[in-house]
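J.: Structure file coords39.csv, CSV, C-alpha atoms, is pasted below:
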```csv
chain,number,residue,atom,x,y,z
H,18,MET,CA,33.3,144.4,141.6
H,19,THR,CA,33.1,147.3,144.0
H,20,GLU,CA,30.9,147.5,147.1
H,21,PRO,CA,27.9,149.8,147.1
H,22,SER,CA,28.7,153.1,148.9
H,23,PRO,CA,27.2,153.6,152.4
H,24,TRP,CA,27.3,157.3,151.8
H,25,ARG,CA,24.1,157.0,149.7
H,26,LEU,CA,22.2,156.1,152.8
H,27,PRO,CA,20.9,159.0,154.9
H,28,ALA,CA,21.0,156.8,158.1
H,29,PHE,CA,24.7,156.2,157.6
H,30,ARG,CA,25.5,159.8,157.0
H,31,THR,CA,23.6,160.7,160.2
H,32,LEU,CA,25.5,158.0,162.2
H,33,PHE,CA,28.8,159.3,160.7
H,34,ALA,CA,28.0,162.9,161.6
H,35,ALA,CA,26.9,161.9,165.1
H,36,SER,CA,30.1,159.9,165.6
H,37,ALA,CA,32.2,162.8,164.3
H,38,LEU,CA,30.7,165.2,166.8
H,39,SER,CA,30.9,162.7,169.5
H,40,HIS,CA,34.6,161.8,169.0
H,41,VAL,CA,35.7,165.5,168.6
H,42,GLY,CA,33.8,166.3,171.8
H,43,SER,CA,35.3,163.4,173.7
H,44,ASN,CA,38.8,164.3,172.6
H,45,VAL,CA,38.4,167.9,173.5
H,46,GLY,CA,37.2,166.7,176.9
H,47,TYR,CA,40.3,164.5,177.3
H,48,VAL,CA,42.5,167.7,177.0
H,49,ALA,CA,40.2,170.3,178.5
H,50,VAL,CA,39.3,168.6,181.8
H,51,PRO,CA,42.9,167.9,183.0
H,52,LEU,CA,43.9,171.4,181.9
H,53,LEU,CA,41.0,172.9,183.8
H,54,ALA,CA,41.9,170.8,186.9
H,55,VAL,CA,45.5,172.2,186.8
H,56,LEU,CA,44.6,175.8,186.0
H,57,ALA,CA,41.4,176.3,188.1
H,58,LEU,CA,41.9,173.8,190.9
H,59,ASP,CA,45.7,173.7,191.2
H,60,ALA,CA,45.7,169.9,190.7
H,61,GLY,CA,49.0,168.1,191.1
H,62,PRO,CA,50.5,165.4,188.9
H,63,GLY,CA,48.9,162.6,190.9
H,64,GLN,CA,45.4,164.1,190.6
H,65,VAL,CA,45.8,164.7,186.9
H,66,GLY,CA,46.9,161.1,186.5
H,67,ALA,CA,43.8,160.0,188.5
H,68,LEU,CA,41.7,161.9,186.0
H,69,ALA,CA,43.4,160.2,183.1
H,70,ALA,CA,43.0,156.8,184.7
H,71,LEU,CA,39.4,157.3,185.5
H,72,SER,CA,38.6,158.5,181.9
H,73,THR,CA,39.6,155.1,180.6
H,74,ALA,CA,38.7,152.9,183.5
H,75,ALA,CA,35.2,152.3,182.1
H,76,PHE,CA,36.5,150.4,179.2
H,77,LEU,CA,38.1,147.9,181.6
H,78,LEU,CA,35.2,147.8,184.1
H,79,ILE,CA,32.1,147.6,181.9
H,80,GLY,CA,33.5,147.0,178.4
H,81,LEU,CA,32.4,143.4,178.1
H,82,PRO,CA,29.0,143.7,179.9
H,83,ALA,CA,28.2,146.7,177.9
H,84,GLY,CA,28.1,144.6,174.7
H,85,ALA,CA,25.5,142.3,176.2
H,86,TRP,CA,23.4,145.2,177.5
H,87,VAL,CA,23.5,147.0,174.2
H,88,ASP,CA,22.4,143.9,172.4
H,89,ARG,CA,19.2,143.8,174.5
H,90,LEU,CA,18.3,147.5,173.9
H,91,PRO,CA,17.3,149.5,170.8
H,92,GLY,CA,20.6,150.5,169.3
H,93,ARG,CA,19.7,154.0,168.2
H,94,TRP,CA,18.3,154.8,171.6
H,95,VAL,CA,21.6,153.7,173.2
H,96,LEU,CA,23.5,156.1,171.0
H,97,VAL,CA,21.2,159.0,171.7
H,98,ALA,CA,21.1,158.3,175.5
H,99,ALA,CA,24.9,157.9,175.6
H,100,ASP,CA,25.6,161.2,173.8
H,101,ALA,CA,23.0,163.0,175.9
H,102,ALA,CA,24.6,161.7,179.0
H,103,ARG,CA,28.0,162.8,177.9
H,104,ALA,CA,26.7,166.3,176.9
H,105,LEU,CA,25.1,166.8,180.3
H,106,LEU,CA,28.1,165.5,182.2
H,107,LEU,CA,30.5,167.8,180.3
H,108,ALA,CA,28.0,170.7,180.6
H,109,SER,CA,28.1,170.4,184.4
H,110,VAL,CA,31.7,171.4,184.4
H,111,PRO,CA,31.4,175.0,183.2
H,112,VAL,CA,28.2,175.4,185.2
H,113,ALA,CA,29.9,174.3,188.4
H,114,TRP,CA,32.9,176.6,187.5
H,115,TRP,CA,30.5,179.5,186.9
H,116,LEU,CA,28.7,178.8,190.3
H,117,ASP,CA,32.2,178.6,191.9
H,118,VAL,CA,31.5,175.0,193.2
H,119,LEU,CA,33.8,173.1,190.8
H,120,SER,CA,35.9,170.4,192.6
H,121,LEU,CA,38.2,167.5,191.8
H,122,PRO,CA,35.7,164.9,193.0
H,123,GLN,CA,33.2,166.3,190.5
H,124,LEU,CA,35.8,166.1,187.7
H,125,TYR,CA,36.6,162.5,188.8
H,126,ALA,CA,32.9,161.6,188.6
H,127,VAL,CA,32.5,163.4,185.3
H,128,VAL,CA,35.4,161.7,183.6
H,129,LEU,CA,34.4,158.2,184.9
H,130,LEU,CA,30.7,158.5,183.9
H,131,ASN,CA,31.7,160.1,180.6
H,132,GLY,CA,33.9,157.1,180.0
H,133,CYS,CA,30.9,154.8,180.7
H,134,ALA,CA,28.8,156.6,178.3
H,135,THR,CA,31.6,156.5,175.7
H,136,VAL,CA,31.8,152.7,176.1
H,137,PHE,CA,28.0,152.4,175.4
H,138,PHE,CA,28.2,154.8,172.4
H,139,ASP,CA,31.2,152.9,170.9
H,140,VAL,CA,29.6,149.5,171.4
H,141,GLY,CA,26.2,150.8,170.2
H,142,SER,CA,27.5,152.3,167.1
H,143,GLN,CA,29.3,149.1,166.1
H,144,SER,CA,26.0,147.2,166.8
H,145,VAL,CA,23.9,149.6,164.8
H,146,LEU,CA,26.2,149.9,161.8
H,147,PRO,CA,25.3,146.5,160.1
H,148,GLU,CA,21.6,147.2,160.6
H,149,LEU,CA,22.0,150.6,158.9
H,150,VAL,CA,24.1,149.7,155.9
H,151,GLY,CA,23.5,146.0,155.3
H,152,ARG,CA,26.1,143.3,154.7
H,153,GLU,CA,27.2,144.5,151.2
H,154,ARG,CA,28.1,148.0,152.5
H,155,LEU,CA,29.7,147.0,155.8
H,156,VAL,CA,33.3,147.0,154.8
H,157,PRO,CA,33.3,150.6,153.4
H,158,ALA,CA,31.1,151.8,156.2
H,159,ASN,CA,33.5,150.3,158.8
H,160,THR,CA,36.4,151.9,156.9
H,161,ALA,CA,34.8,155.3,157.1
H,162,ILE,CA,34.0,155.0,160.8
H,163,VAL,CA,37.5,153.7,161.8
H,164,SER,CA,39.1,156.4,159.7
H,165,LEU,CA,37.0,159.0,161.5
H,166,MET,CA,38.1,157.7,164.9
H,167,ALA,CA,41.8,157.7,163.8
H,168,GLY,CA,41.4,161.3,162.5
H,169,ALA,CA,39.7,162.5,165.6
H,170,ASN,CA,42.4,161.0,167.9
```
Using structure tokens, write down the structure from this file.

T.:
Amino acid sequence: MTEPSPWRLPAFRTLFAASALSHVGSNVGYVAVPLLAVLALDAGPGQVGALAALSTAAFLLIGLPAGAWVDRLPGRWVLVAADAARALLLASVPVAWWLDVLSLPQLYAVVLLNGCATVFFDVGSQSVLPELVGRERLVPANTAIVSLMAGAN
């Protein structure tokens, strides 16, 4: 017996599309921000390494508490807020460059806070998924989301 398809649920398709855009945007940021630091700010290897470390530090620093916080908040709200925060943070980079005020400390703050928002989005999407698809569609829905993440990476 096959499981019912989660693709028939509009809420799952919306979550999948949001996750796709979110992962593509995050992965572009992982490449673009260090490249911008090197090209526009003449960052050295240590500074680029610090950017890379700060971009993943949030998973270590707030990964566990984020799960408890997300469980106490409306899941969809967490997803929207996390993505909005990431969009604003990343949008601050070209604005600062255009205004000629872009600096390494700003990039450090952007990647660290972007990592925090990513933690909340990832935890929130895994918390919301069972509510959206139900128990009988959870395995194929998880398969689709994990495949998306692998493809985006």

J.: List every residue of stretch 87-124 of chain H that has an atom at most 9 Å from any atom of stretch 58-67 of chain H, and for each one report the closest atom pair and its distance in Å to one decimal, counting all atoms listed in the file, with rows sorted by chain and then by increasing residue number, as JSON lines.

T.:
```
{"residue": "H:Leu119", "atom": "CA", "partner": "H:Leu58", "partner_atom": "CA", "distance": 8.1}
{"residue": "H:Ser120", "atom": "CA", "partner": "H:Leu58", "partner_atom": "CA", "distance": 7.1}
{"residue": "H:Leu121", "atom": "CA", "partner": "H:Leu58", "partner_atom": "CA", "distance": 7.4}
```

J.: Any idea what's packed within 12 Å of H:Ala57, counting only C-alpha atoms, ignoring anything in its chain fewer than 2 positions away? Could you give it as an mmCIF file with C-alpha atoms, in the coordinates of the input?

T.:
```cif
data_model
loop_
_atom_site.group_PDB
_atom_site.id
_atom_site.type_symbol
_atom_site.label_atom_id
_atom_site.label_comp_id
_atom_site.auth_asym_id
_atom_site.auth_seq_id
_atom_site.Cartn_x
_atom_site.Cartn_y
_atom_site.Cartn_z
ATOM 1 C CA ALA H 49 40.200 170.300 178.500
ATOM 2 C CA VAL H 50 39.300 168.600 181.800
ATOM 3 C CA PRO H 51 42.900 167.900 183.000
ATOM 4 C CA LEU H 52 43.900 171.400 181.900
ATOM 5 C CA LEU H 53 41.000 172.900 183.800
ATOM 6 C CA ALA H 54 41.900 170.800 186.900
ATOM 7 C CA VAL H 55 45.500 172.200 186.800
ATOM 8 C CA ASP H 59 45.700 173.700 191.200
ATOM 9 C CA ALA H 60 45.700 169.900 190.700
ATOM 10 C CA GLY H 61 49.000 168.100 191.100
ATOM 11 C CA VAL H 110 31.700 171.400 184.400
ATOM 12 C CA PRO H 111 31.400 175.000 183.200
ATOM 13 C CA ALA H 113 29.900 174.300 188.400
ATOM 14 C CA TRP H 114 32.900 176.600 187.500
ATOM 15 C CA TRP H 115 30.500 179.500 186.900
ATOM 16 C CA ASP H 117 32.200 178.600 191.900
ATOM 17 C CA VAL H 118 31.500 175.000 193.200
ATOM 18 C CA LEU H 119 33.800 173.100 190.800
ATOM 19 C CA SER H 120 35.900 170.400 192.600
ATOM 20 C CA LEU H 121 38.200 167.500 191.800
ATOM 21 C CA LEU H 124 35.800 166.100 187.700
#
```

J.: When you draw a straight line from atom CA of H:Leu149 to atom CA of H:Leu32, how long is it in Å?

T.: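 Separation between atom CA of H:Leu149 and atom CA of H:Leu32: 8.8 Å.
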
J.: Using all atoms listed in the file, tabulate the residues of stretch 125-145 of chain H lying at most 8 Å from any atom of stretch 75-88 of chain H, each with its closest atom pair and that distance in Å to one decimal, by chain and increasing residue number, as a tab-separated table.

T.:
```
residue	atom	partner	partner_atom	distance
H:Leu129	CA	H:Ala75	CA	6.6
H:Leu130	CA	H:Ala75	CA	7.9
H:Gly132	CA	H:Ala75	CA	5.4
H:Cys133	CA	H:Ala75	CA	5.2
H:Val136	CA	H:Phe76	CA	6.1
H:Phe137	CA	H:Ala83	CA	6.2
H:Val140	CA	H:Gly84	CA	6.1
H:Gly141	CA	H:Val87	CA	6.1
H:Ser144	CA	H:Asp88	CA	7.4
```

J.: Rank H:Ala99, H:Glu148, H:Asn170, H:Gly92 by their smallest atom-to-atom distance to H:Leu26, using only C-alpha atoms, and report the top residue only.

T.: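 Of H:Ala99, H:Glu148, H:Asn170, H:Gly92, the one nearest H:Leu26, counting only C-alpha atoms, is H:Glu148.
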
J.: Report as a ChimeraX atom specification all protein, DNA and RNA residues lying within 8 Å of H:Asp100, evaluated on only C-alpha atoms, omitting residues in the same chain fewer than 2 positions from it.

T.: /H:39,96-98,102-104,134-135,138

J.: Here is a test: counting all atoms listed in the file, which residue of H:Tyr125, H:Phe29, H:Trp94, H:Tyr47 is nearest to H:Leu68?

T.: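 Answer, going by the shortest atom-to-atom distance: H:Tyr125.
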
J.: Compare H:Val112, H:Ala158, H:Leu106, H:Ala101 by their minimum atom-to-atom distance to H:Arg25, counting only C-alpha atoms, and give me the closest one.

T.: H:Ala158

J.: May I ask for the distance between atom CA of H:Val41 and atom CA of H:Val95, given in Å to one decimal place?

T.: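 Atom CA of H:Val41 sits 19.0 Å away from atom CA of H:Val95.
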
J.: Of the candidates H:Val163, H:Leu146, H:Val48, H:Val128, which one gets nearest to H:Leu105 if we count all atoms listed in the file?

T.: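 Among H:Val163, H:Leu146, H:Val48, H:Val128, it is H:Val128 that comes nearest to H:Leu105.
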